[in-house]
file entry22.txt (compact mmCIF, C-alpha atoms (C1' of nucleotides))
# COMPACT_ATOMS: atom_id res chain seq x y z
CA MET N 447 132.92 172.35 90.12
CA ALA N 448 130.07 170.04 91.13
CA ASP N 449 128.70 171.00 87.76
CA ARG N 450 131.67 169.40 86.17
CA GLU N 451 130.88 166.06 87.72
CA ARG N 452 127.29 166.24 86.55
CA ARG N 453 128.44 166.94 83.01
CA ARG N 454 130.66 163.92 83.10
CA ARG N 455 127.77 161.78 84.25
CA GLU N 456 125.58 163.10 81.45
CA ILE N 457 128.17 162.21 78.86
CA ALA N 458 128.73 158.78 80.38
CA ASP N 459 124.97 158.28 80.32
CA ALA N 460 124.93 159.06 76.63
CA LEU N 461 127.60 156.41 76.09
CA LEU N 462 125.51 153.86 77.95
CA ARG N 463 122.44 154.71 75.91
CA VAL N 464 124.33 154.26 72.65
CA ALA N 465 125.95 151.04 73.86
CA GLY N 466 122.62 149.70 75.03
CA GLU N 467 120.84 150.41 71.78
CA ARG N 468 123.51 149.88 69.15
CA GLY N 469 126.22 147.91 70.91
CA LEU N 470 129.43 148.88 72.66
CA HIS N 471 131.33 149.01 69.37
CA ALA N 472 128.97 151.76 68.19
CA ALA N 473 129.84 153.96 71.15
CA THR N 474 132.42 156.11 69.38
CA MET N 475 133.40 159.52 70.65
CA ARG N 476 131.36 161.18 67.92
CA ALA N 477 128.31 159.02 68.52
CA VAL N 478 128.44 159.75 72.25
CA ALA N 479 128.76 163.47 71.59
CA THR N 480 125.77 163.44 69.26
CA GLU N 481 123.70 161.37 71.68
CA ALA N 482 124.56 163.75 74.51
CA GLY N 483 123.71 166.72 72.30
CA VAL N 484 127.14 168.23 72.75
CA SER N 485 130.17 168.81 70.58
CA LEU N 486 132.91 166.26 70.11
CA HIS N 487 135.22 168.83 71.59
CA LEU N 488 133.29 168.82 74.85
CA VAL N 489 133.53 165.08 75.24
CA GLN N 490 137.27 165.41 74.82
CA HIS N 491 137.26 168.27 77.25
CA TYR N 492 135.75 166.16 80.03
CA PHE N 493 137.55 162.92 79.24
CA GLU N 494 141.13 163.02 78.05
CA THR N 495 140.90 159.65 76.32
CA LYS N 496 138.20 157.29 75.25
CA GLU N 497 139.45 154.72 77.70
CA GLN N 498 138.84 157.09 80.59
CA LEU N 499 135.32 157.74 79.34
CA MET N 500 134.68 154.00 79.04
CA LEU N 501 135.91 153.22 82.52
CA PHE N 502 133.93 156.08 84.02
CA ALA N 503 130.76 154.95 82.29
CA LEU N 504 131.33 151.35 83.32
CA GLN N 505 131.82 152.41 86.92
CA GLN N 506 128.70 154.53 86.81
CA LEU N 507 126.69 151.62 85.44
CA ALA N 508 127.94 149.34 88.19
CA GLU N 509 127.10 151.87 90.88
CA ARG N 510 123.63 152.36 89.51
CA MET N 511 122.96 148.63 89.52
CA ALA N 512 124.28 148.36 93.05
CA GLU N 513 121.90 151.13 94.02
CA ARG N 514 119.01 149.21 92.45
CA VAL N 515 119.84 146.13 94.46
CA ARG N 516 120.05 148.21 97.62
CA ARG N 517 116.67 149.76 96.99
CA ARG N 518 115.26 146.34 96.35
CA PHE N 519 116.53 145.08 99.67
CA ALA N 520 114.82 147.96 101.45
CA SER N 521 111.41 146.70 100.35
CA VAL N 522 112.07 143.08 101.19
CA GLU N 523 112.16 141.05 104.34
CA PRO N 524 115.75 140.00 104.91
CA ARG N 525 114.94 136.34 104.52
CA PRO N 526 117.90 134.75 102.72
CA ARG N 527 115.62 133.39 100.03
CA ASP N 528 114.31 136.88 99.22
CA VAL N 529 117.79 138.38 99.29
CA ILE N 530 119.09 135.75 96.91
CA GLU N 531 116.13 136.10 94.61
CA ALA N 532 116.51 139.87 94.60
CA ILE N 533 120.15 139.64 93.56
CA LEU N 534 119.68 137.03 90.88
CA THR N 535 116.62 138.79 89.51
CA GLU N 536 118.29 142.15 89.36
CA ALA N 537 120.96 140.62 87.13
CA LEU N 538 118.36 139.73 84.50
CA PRO N 539 117.63 142.16 81.65
CA THR N 540 114.10 143.13 82.68
CA ASP N 541 114.12 146.77 81.57
CA ALA N 542 116.27 149.17 79.56
CA GLU N 543 118.74 149.82 82.35
CA SER N 544 119.37 146.21 83.30
CA ARG N 545 119.44 145.26 79.64
CA THR N 546 122.16 147.80 79.04
CA PHE N 547 123.94 146.54 82.11
CA HIS N 548 123.93 142.97 80.91
CA LEU N 549 124.87 143.86 77.34
CA VAL N 550 127.70 146.18 78.27
CA TYR N 551 128.99 143.85 80.92
CA THR N 552 129.03 140.89 78.54
CA SER N 553 130.64 142.96 75.79
CA TYR N 554 133.29 144.02 78.22
CA ALA N 555 133.77 140.46 79.43
CA VAL N 556 134.27 139.19 75.90
CA LEU N 557 136.93 141.82 75.34
CA ALA N 558 138.58 141.00 78.65
CA ALA N 559 138.88 137.36 77.61
CA THR N 560 141.62 138.34 75.16
CA ASP N 561 142.92 141.49 76.83
CA PRO N 562 144.73 141.01 80.15
CA ALA N 563 144.70 144.77 80.82
CA LEU N 564 140.90 144.80 80.83
CA ALA N 565 140.72 141.59 82.81
CA ALA N 566 142.67 143.24 85.61
CA HIS N 567 140.01 145.90 86.05
CA PRO N 568 138.01 145.86 89.31
CA PHE N 569 134.82 145.72 87.22
CA MET N 570 135.64 142.06 86.76
CA ALA N 571 136.01 141.26 90.45
CA ALA N 572 132.32 141.70 91.18
CA PRO N 573 131.31 138.12 90.33
CA ASN N 574 133.69 136.77 92.93
CA ALA N 575 132.27 139.00 95.61
CA MET N 576 128.78 137.93 94.57
CA GLU N 577 129.83 134.32 94.89
CA ASP N 578 130.99 134.80 98.47
CA PHE N 579 127.89 136.74 99.40
CA LEU N 580 125.53 134.21 97.86
CA THR N 581 127.32 131.35 99.56
CA ALA N 582 126.87 133.07 102.91
CA GLN N 583 123.18 133.73 102.30
CA LEU N 584 122.64 130.14 101.27
CA GLY N 585 124.36 129.08 104.44
CA LYS N 586 121.77 130.99 106.46
CA ALA N 587 118.88 129.39 104.64
CA ARG N 588 120.23 125.87 104.48
CA PRO N 589 122.94 125.19 107.02
CA ASP N 590 122.35 121.49 106.42
CA VAL N 591 123.41 121.50 102.78
CA GLN N 592 126.91 120.49 101.84
CA ASP N 593 128.73 122.14 98.94
CA LEU N 594 127.06 125.48 99.36
CA ARG N 595 129.63 127.12 97.14
CA LEU N 596 128.84 124.74 94.34
CA GLU N 597 125.19 125.73 94.59
CA ALA N 598 126.02 129.45 94.68
CA VAL N 599 128.25 129.17 91.63
CA ALA N 600 125.58 127.22 89.81
CA LEU N 601 122.94 129.83 90.59
CA LEU N 602 125.12 132.70 89.43
CA ALA N 603 126.11 130.92 86.25
CA MET N 604 122.48 130.13 85.57
CA SER N 605 121.44 133.73 86.12
CA SER N 606 124.16 134.93 83.80
CA GLY N 607 123.29 132.40 81.11
CA LEU N 608 119.59 133.16 81.39
CA GLY N 609 120.32 136.86 81.05
CA THR N 610 122.21 136.27 77.84
CA SER N 611 119.40 134.18 76.40
CA VAL N 612 116.95 136.97 77.20
CA LEU N 613 119.26 139.44 75.50
CA LEU N 614 119.21 137.27 72.40
CA GLY N 615 115.46 137.15 72.43
CA GLN N 616 115.48 133.40 72.97
CA ARG N 617 112.97 133.87 75.78
CA ASP N 618 111.48 136.79 77.66
CA ALA N 619 112.44 137.97 81.11
CA GLU N 620 109.32 136.44 82.64
CA ASP N 621 110.25 132.94 81.47
CA ALA N 622 113.78 133.41 82.70
CA LEU N 623 112.39 134.41 86.07
CA SER N 624 110.32 131.23 86.21
CA VAL N 625 113.40 129.11 85.63
CA LEU N 626 115.25 130.99 88.32
CA ARG N 627 112.43 130.69 90.85
CA HIS N 628 112.03 127.02 90.12
CA GLN N 629 115.62 126.39 91.13
CA LEU N 630 115.32 128.61 94.17
CA ASP N 631 112.21 126.78 95.33
CA ARG N 632 114.24 123.64 95.27
CA LEU N 633 117.02 125.09 97.39
CA CYS N 634 115.21 127.31 99.84
CA PRO N 635 112.19 126.84 102.06
CA MET I 286 137.73 122.40 42.61
CA ALA I 287 137.75 120.34 45.78
CA ASP I 288 140.97 122.20 46.35
CA ARG I 289 139.04 125.41 46.39
CA GLU I 290 136.93 124.25 49.29
CA ARG I 291 140.01 123.19 51.23
CA ARG I 292 141.55 126.60 50.72
CA ARG I 293 138.43 128.26 52.01
CA ARG I 294 138.55 126.09 55.09
CA GLU I 295 142.20 126.94 55.70
CA ILE I 296 141.43 130.64 55.55
CA ALA I 297 138.41 130.25 57.80
CA ASP I 298 140.63 128.33 60.21
CA ALA I 299 143.06 131.21 60.27
CA LEU I 300 140.20 133.54 61.16
CA LEU I 301 139.18 131.30 64.03
CA ARG I 302 142.73 131.14 65.34
CA VAL I 303 143.04 134.91 65.33
CA ALA I 304 139.59 135.33 66.90
CA GLY I 305 140.40 132.74 69.55
CA GLU I 306 143.69 134.33 70.51
CA ARG I 307 143.09 138.03 70.05
CA GLY I 308 139.32 138.38 69.90
CA LEU I 309 136.81 138.58 67.09
CA HIS I 310 137.44 142.29 66.60
CA ALA I 311 141.08 141.53 65.80
CA ALA I 312 140.11 139.22 62.96
CA THR I 313 140.54 141.74 60.17
CA MET I 314 141.04 140.69 56.58
CA ARG I 315 144.74 141.55 56.79
CA ALA I 316 145.22 139.72 60.08
CA VAL I 317 143.53 136.63 58.70
CA ALA I 318 145.68 136.73 55.56
CA THR I 319 148.86 137.02 57.62
CA GLU I 320 147.78 134.23 59.98
CA ALA I 321 147.00 132.00 57.00
CA GLY I 322 150.36 132.84 55.46
CA VAL I 323 148.60 134.14 52.41
CA SER I 324 148.16 137.44 50.61
CA LEU I 325 145.29 139.78 51.37
CA HIS I 326 144.31 139.47 47.75
CA LEU I 327 143.83 135.73 48.10
CA VAL I 328 141.47 136.09 51.02
CA GLN I 329 139.42 138.44 48.89
CA HIS I 330 139.62 135.98 46.04
CA TYR I 331 137.99 133.22 48.06
CA PHE I 332 135.53 135.39 49.96
CA GLU I 333 133.91 138.29 48.22
CA THR I 334 133.18 140.13 51.45
CA LYS I 335 134.25 139.92 55.04
CA GLU I 336 130.74 139.01 56.05
CA GLN I 337 130.84 135.91 53.87
CA LEU I 338 134.13 134.90 55.41
CA MET I 339 132.73 135.38 58.89
CA LEU I 340 129.62 133.34 58.24
CA PHE I 341 131.62 130.57 56.62
CA ALA I 342 134.01 130.43 59.55
CA LEU I 343 131.17 130.45 62.04
CA GLN I 344 129.47 127.61 60.23
CA GLN I 345 132.70 125.66 60.12
CA LEU I 346 133.19 126.14 63.84
CA ALA I 347 129.67 124.91 64.56
CA GLU I 348 130.15 121.84 62.38
CA ARG I 349 133.41 121.01 64.07
CA MET I 350 131.84 121.21 67.51
CA ALA I 351 128.93 119.06 66.37
CA GLU I 352 131.46 116.52 65.14
CA ARG I 353 133.13 116.56 68.54
CA VAL I 354 129.87 115.85 70.28
CA ARG I 355 129.15 113.03 67.84
CA ARG I 356 132.54 111.45 68.46
CA ARG I 357 131.95 111.75 72.15
CA PHE I 358 128.67 109.90 71.90
CA ALA I 359 130.38 107.05 70.07
CA SER I 360 132.50 106.29 73.12
CA VAL I 361 129.68 106.52 75.61
CA GLU I 362 126.85 104.29 76.65
CA PRO I 363 123.66 105.96 75.52
CA ARG I 364 122.42 106.43 79.03
CA PRO I 365 120.61 109.78 79.16
CA ARG I 366 122.78 110.97 81.99
CA ASP I 367 125.94 110.35 79.97
CA VAL I 368 124.47 111.95 76.87
CA ILE I 369 123.47 115.06 78.80
CA GLU I 370 126.81 115.27 80.52
CA ALA I 371 128.61 114.90 77.19
CA ILE I 372 126.69 117.76 75.65
CA LEU I 373 127.00 120.15 78.55
CA THR I 374 130.67 119.31 78.99
CA GLU I 375 131.48 119.83 75.35
CA ALA I 376 130.11 123.35 75.62
CA LEU I 377 132.70 124.24 78.24
CA PRO I 378 136.03 125.80 77.18
CA THR I 379 138.29 122.89 78.06
CA ASP I 380 140.81 123.21 75.24
CA ALA I 381 141.81 125.62 72.51
CA GLU I 382 139.06 124.60 70.12
CA SER I 383 136.20 124.73 72.58
CA ARG I 384 137.60 127.93 74.03
CA THR I 385 137.54 129.51 70.60
CA PHE I 386 134.06 128.16 70.11
CA HIS I 387 132.79 129.71 73.29
CA LEU I 388 134.56 133.02 72.75
CA VAL I 389 133.50 133.43 69.14
CA TYR I 390 129.98 132.31 69.86
CA THR I 391 129.62 134.77 72.72
CA SER I 392 131.17 137.58 70.69
CA TYR I 393 128.73 136.86 67.94
CA ALA I 394 125.84 136.69 70.39
CA VAL I 395 126.70 140.08 71.83
CA LEU I 396 126.72 141.57 68.34
CA ALA I 397 123.44 139.85 67.51
CA ALA I 398 121.82 141.47 70.55
CA THR I 399 121.88 144.83 68.76
CA ASP I 400 121.85 143.65 65.14
CA PRO I 401 118.63 141.98 63.94
CA ALA I 402 120.31 140.79 60.73
CA LEU I 403 122.81 138.73 62.73
CA ALA I 404 120.12 137.52 65.11
CA ALA I 405 118.22 136.01 62.19
CA HIS I 406 121.16 133.77 61.31
CA PRO I 407 120.67 130.00 61.81
CA PHE I 408 123.77 130.01 63.99
CA MET I 409 121.50 131.41 66.66
CA ALA I 410 118.87 128.67 66.44
CA ALA I 411 121.15 126.00 67.88
CA PRO I 412 120.33 126.73 71.55
CA ASN I 413 116.64 126.09 70.92
CA ALA I 414 117.35 122.74 69.31
CA MET I 415 119.59 121.89 72.25
CA GLU I 416 116.81 122.77 74.62
CA ASP I 417 114.39 120.37 72.93
CA PHE I 418 116.96 117.62 72.81
CA LEU I 419 117.96 118.01 76.44
CA THR I 420 114.34 118.03 77.54
CA ALA I 421 113.75 114.75 75.72
CA GLN I 422 116.84 113.16 77.26
CA LEU I 423 115.80 114.29 80.71
CA GLY I 424 112.41 112.76 80.06
CA LYS I 425 114.04 109.40 79.50
CA ALA I 426 116.04 109.59 82.69
CA ARG I 427 113.34 111.05 84.91
CA PRO I 428 109.84 110.54 83.53
CA ASP I 429 108.54 111.28 87.02
CA VAL I 430 109.78 114.87 87.12
CA GLN I 431 107.47 117.73 86.28
CA ASP I 432 108.73 120.82 84.48
CA LEU I 433 111.41 119.03 82.53
CA ARG I 434 111.83 121.98 80.22
CA LEU I 435 112.55 124.27 83.15
CA GLU I 436 115.30 121.91 84.22
CA ALA I 437 116.74 121.68 80.71
CA VAL I 438 116.79 125.45 80.31
CA ALA I 439 118.43 125.80 83.69
CA LEU I 440 121.14 123.31 82.80
CA LEU I 441 121.90 124.99 79.48
CA ALA I 442 121.99 128.44 81.01
CA MET I 443 124.27 127.15 83.73
CA SER I 444 126.60 125.55 81.23
CA SER I 445 126.74 128.75 79.22
CA GLY I 446 127.36 130.90 82.27
CA LEU I 447 130.02 128.55 83.58
CA GLY I 448 131.73 128.63 80.20
CA THR I 449 131.91 132.39 80.30
CA SER I 450 133.36 132.39 83.78
CA VAL I 451 136.05 129.94 82.63
CA LEU I 452 136.78 132.22 79.69
CA LEU I 453 137.30 135.11 82.09
CA GLY I 454 139.66 133.06 84.20
CA GLN I 455 137.33 133.23 87.17
CA ARG I 456 137.68 129.47 87.58
CA ASP I 457 139.23 126.64 85.62
CA ALA I 458 137.42 124.10 83.48
CA GLU I 459 137.78 121.40 86.12
CA ASP I 460 135.92 123.45 88.73
CA ALA I 461 133.22 124.27 86.22
CA LEU I 462 132.86 120.57 85.51
CA SER I 463 132.42 119.86 89.19
CA VAL I 464 129.58 122.34 89.42
CA LEU I 465 127.95 120.81 86.37
CA ARG I 466 128.27 117.25 87.65
CA HIS I 467 126.93 118.26 91.03
CA GLN I 468 123.71 119.47 89.42
CA LEU I 469 123.51 116.42 87.19
CA ASP I 470 123.91 114.10 90.15
CA ARG I 471 120.91 115.76 91.67
CA LEU I 472 118.78 115.26 88.58
CA CYS I 473 119.86 111.90 87.24
CA PRO I 474 120.35 108.51 88.87
C1' DT U 1149 136.92 196.05 82.55
C1' DT U 1150 139.87 192.32 82.36
C1' DG U 1151 140.81 187.76 82.81
C1' DT U 1152 139.41 182.97 82.95
C1' DA U 1153 136.83 179.02 82.30
C1' DT U 1154 133.12 176.87 79.43
C1' DC U 1155 131.44 175.51 75.07
C1' DG U 1156 130.65 175.05 69.99
C1' DG U 1157 132.22 174.61 65.32
C1' DA U 1158 135.56 173.52 62.18
C1' DT U 1159 139.53 171.47 60.57
C1' DA U 1160 143.29 168.50 60.70
C1' DC U 1161 146.07 164.23 61.05
C1' DA U 1162 147.74 159.69 61.21
C1' DG U 1163 146.23 155.07 61.51
C1' DT U 1164 143.11 151.25 60.36
C1' DT U 1165 139.45 149.27 57.99
C1' DG U 1166 137.03 146.79 53.83
C1' DT U 1167 137.25 146.85 49.11
C1' DA U 1168 139.20 147.25 44.52
C1' DC U 1169 142.33 147.07 40.60
C1' DC U 1170 146.66 146.03 38.07
C1' DA U 1171 150.86 143.63 36.66
C1' DA U 1172 153.83 139.74 37.22
C1' DT U 1173 154.85 135.20 38.52
C1' DT U 1174 154.01 130.45 39.63
C1' DT U 1175 151.32 126.30 39.44
C1' DT U 1176 148.16 123.22 37.31
C1' DC U 1177 146.33 120.66 33.75
C1' DG U 1178 144.46 119.59 29.05
C1' DC C 1127 154.15 122.49 25.27
C1' DG C 1128 150.88 126.04 26.07
C1' DA C 1129 146.71 127.89 27.88
C1' DA C 1130 144.33 128.70 32.09
C1' DA C 1131 144.13 129.22 36.76
C1' DA C 1132 146.18 130.38 41.11
C1' DT C 1133 148.81 133.45 43.70
C1' DT C 1134 151.63 137.31 44.98
C1' DG C 1135 152.84 142.17 45.53
C1' DG C 1136 151.84 146.75 45.31
C1' DT C 1137 148.96 150.55 45.20
C1' DA C 1138 144.83 152.89 45.76
C1' DC C 1139 140.55 154.74 47.86
C1' DA C 1140 136.90 156.30 50.77
C1' DA C 1141 135.22 155.81 55.26
C1' DC C 1142 135.90 155.79 59.98
C1' DT C 1143 138.56 156.02 64.22
C1' DG C 1144 140.81 158.69 68.43
C1' DT C 1145 143.22 162.68 69.13
C1' DA C 1146 144.67 167.49 68.65
C1' DT C 1147 144.48 172.41 67.62
C1' DC C 1148 142.67 176.95 66.49
C1' DC C 1149 139.09 180.46 66.63
C1' DG C 1150 135.21 182.71 68.43
C1' DA C 1151 131.23 183.32 71.50
C1' DT C 1152 129.40 183.30 76.04
C1' DA C 1153 129.34 183.66 81.01
C1' DC C 1154 131.06 184.78 85.30
C1' DA C 1155 134.25 186.47 88.85
C1' DA C 1156 138.03 189.67 90.42
call {"tool": "encode", "arguments": {"input": "entry22.txt", "output": "structure tokens"}}
result
Amino acid sequence: MADRERRRREIADALLRVAGERGLHAATMRAVATEAGVSLHLVQHYFETKEQLMLFALQQLAERMAERVRRRFASVEPRPRDVIEAILTEALPTDAESRTFHLVYTSYAVLAATDPALAAHPFMAAPNAMEDFLTAQLGKARPDVQDLRLEAVALLAMSSGLGTSVLLGQRDAEDALSVLRHQLDRLCP
Amino acid sequence: MADRERRRREIADALLRVAGERGLHAATMRAVATEAGVSLHLVQHYFETKEQLMLFALQQLAERMAERVRRRFASVEPRPRDVIEAILTEALPTDAESRTFHLVYTSYAVLAATDPALAAHPFMAAPNAMEDFLTAQLGKARPDVQDLRLEAVALLAMSSGLGTSVLLGQRDAEDALSVLRHQLDRLCP
DNA sequence: TTGTATCGGATACAGTTGTACCAATTTTCG
DNA sequence: CGAAAATTGGTACAACTGTATCCGATACAA
């Protein structure tokens, strides 16, 4: 019974690998089955529809990224500046997992822009929560600054835009990090 | 013969309308034909393959946005600050055309992330040119500032990220503009 | 042993896609 | 006017999609 859940995670992992390497559109039921080394039938056995598989995989990806951020916090002094940098950095595509995260998330976002059903999914509420959290952290670091929300929104947008440019190979993750740090230096002590 | 070119533009326009309203994946040959009020055969007559149609439409979209920016410059004093603001603003989804631009561009970018053939397309070189141009403009406004390129990259990434968040309905174009202006106020006199 | 769940392999089906060809009709233009 | 081009409509095809079903093999528990 716990085995069943592990199987589902393995299949969802296969979907994320395919999506990360060949794009979300390439993640067909057959491709996922092949990647997972199982039969198409089995994928159908564990997920009634493709949509269920997609949502499960998306959720798994989000949880894994959240776990990464948590681990990162554990090895960092809780100075607001470090917390903010950890969050913004973790959103950049620095390795295979975060690259997949960024690619899949953006693919999903593009679809959601013309599909209200997708837009309603909780997956899309995360940026708002991030915005609140970042605003609060900025408030701790710089209680003197007005328009903290404007700064938080700007930082998040910048991180997202930088991530996309890394994805496109316009610059590497290290350069993106420099840009990010440069802005953070300006804002935080 | 000039008529032929106009026809091609009409069909490409239909593609952009479909892509803007229902997403790039919904822009099938049949959907484009229907949207253009034309037979499927005719679309094939003017574009040998779907890929050619896509590239033509993309190019047309880029030219139209460039024209918008040019028109905007005509009604603006060539103060660097105004030039920069015009560019960054024009990249935001403020109306149907710029919304389509942003959506199609991002859709295309996501595909290019896993398709080297698409990534090699000149459509993808525009951001680099923008980066150079913005850096030069910033240099005029603030010759005293170090790391001008870092600032230019940050502004472009922010504009791109803000555009995406507008597309997702996370905030409206007016709010995005406020964030943009707030950062510009900081950089320029 | 019998039953029950797990899994693979194969096949099927309806729908959609890009692409292609054919005949007929309308429009354009020398 | 008459030839040439433009345009439509229909029909076709192979490939791919998600989904469904049947059969058989294996494993494990009652």
call {"tool": "calpha_fit_rmsd", "arguments": {"input": "entry22.txt", "fixed": "chain I", "moving": "chain N"}}
result
0.1 Å
call {"tool": "closest_residue", "arguments": {"input": "entry22.txt", "among": "I:Leu435, I:Glu333, I:Ser444, I:Glu320", "to": "chain U", "atoms": "all atoms listed in the file"}}
result
I:Glu333
call {"tool": "atom_distance", "arguments": {"input": "entry22.txt", "atom1": "CA of Val317 (chain I)", "atom2": "CA of Ala304 (chain I)"}}
result
9.2 Å
call {"tool": "residues_around", "arguments": {"input": "entry22.txt", "residues": "region 1152-1162 of chain U", "least_positions_apart": "4", "cutoff": "10 Å", "atoms": "only C-alpha atoms (C1' of nucleotides)", "output": "ChimeraX atom specification"}}
result
/N:484-488,491 /C:1145-1155
call {"tool": "closest_residue", "arguments": {"input": "entry22.txt", "among": "C:DA1138, C:DC1127, C:DT1133, C:DT1143", "to": "Gln329 (chain I)", "atoms": "all atoms listed in the file"}}
result
C:DT1133
call {"tool": "closest_atom_pairs", "arguments": {"input": "entry22.txt", "of": "chain I", "to": "chain N", "cutoff": "6 Å", "atoms": "only C-alpha atoms", "output": "CSV"}}
result
residue,atom,partner,partner_atom,distance
I:Arg307,CA,N:Thr560,CA,5.3
I:Gly308,CA,N:Thr560,CA,5.7
I:Ala398,CA,N:Leu614,CA,5.3
I:Thr399,CA,N:Arg468,CA,5.3
I:Leu435,CA,N:Val625,CA,5.5
I:Ala442,CA,N:Gly607,CA,4.2
I:Met443,CA,N:Met604,CA,3.9
I:Ser445,CA,N:Gly607,CA,5.4
I:Gly446,CA,N:Ala603,CA,4.2
I:Leu447,CA,N:Ala603,CA,5.3
I:Leu452,CA,N:Ala559,CA,5.9
I:Leu453,CA,N:Ala559,CA,5.3
I:Val464,CA,N:Leu596,CA,5.5
call {"tool": "atom_distance", "arguments": {"input": "entry22.txt", "atom1": "CA of Arg302 (chain I)", "atom2": "CA of Arg356 (chain I)"}}
result
22.4 Å
call {"tool": "atom_distance", "arguments": {"input": "entry22.txt", "atom1": "CA of Thr495 (chain N)", "atom2": "CA of Ala563 (chain N)"}}
result
16.0 Å
call {"tool": "residues_around", "arguments": {"input": "entry22.txt", "residues": "DT1164 (chain U)", "least_positions_apart": "2", "cutoff": "12 Å", "atoms": "all atoms listed in the file", "output": "list in words"}}
result
Ala311, Thr313, Met314, Arg315 and Ala316 of chain I; DA1162 and DG1166 of chain U; DA1141, DC1142, DT1143 and DG1144 of chain C
call {"tool": "residues_around", "arguments": {"input": "entry22.txt", "residues": "Ile296 (chain I)", "least_positions_apart": "6", "cutoff": "8 Å", "atoms": "all atoms listed in the file", "output": "ChimeraX atom specification"}}
result
/I:317-318,321,328
call {"tool": "residues_around", "arguments": {"input": "entry22.txt", "residues": "region 502-513 of chain N", "least_positions_apart": "5", "cutoff": "7 Å", "atoms": "only C-alpha atoms (C1' of nucleotides)", "output": "PyMOL selection string"}}
result
chain N and resi 458-459+462+547
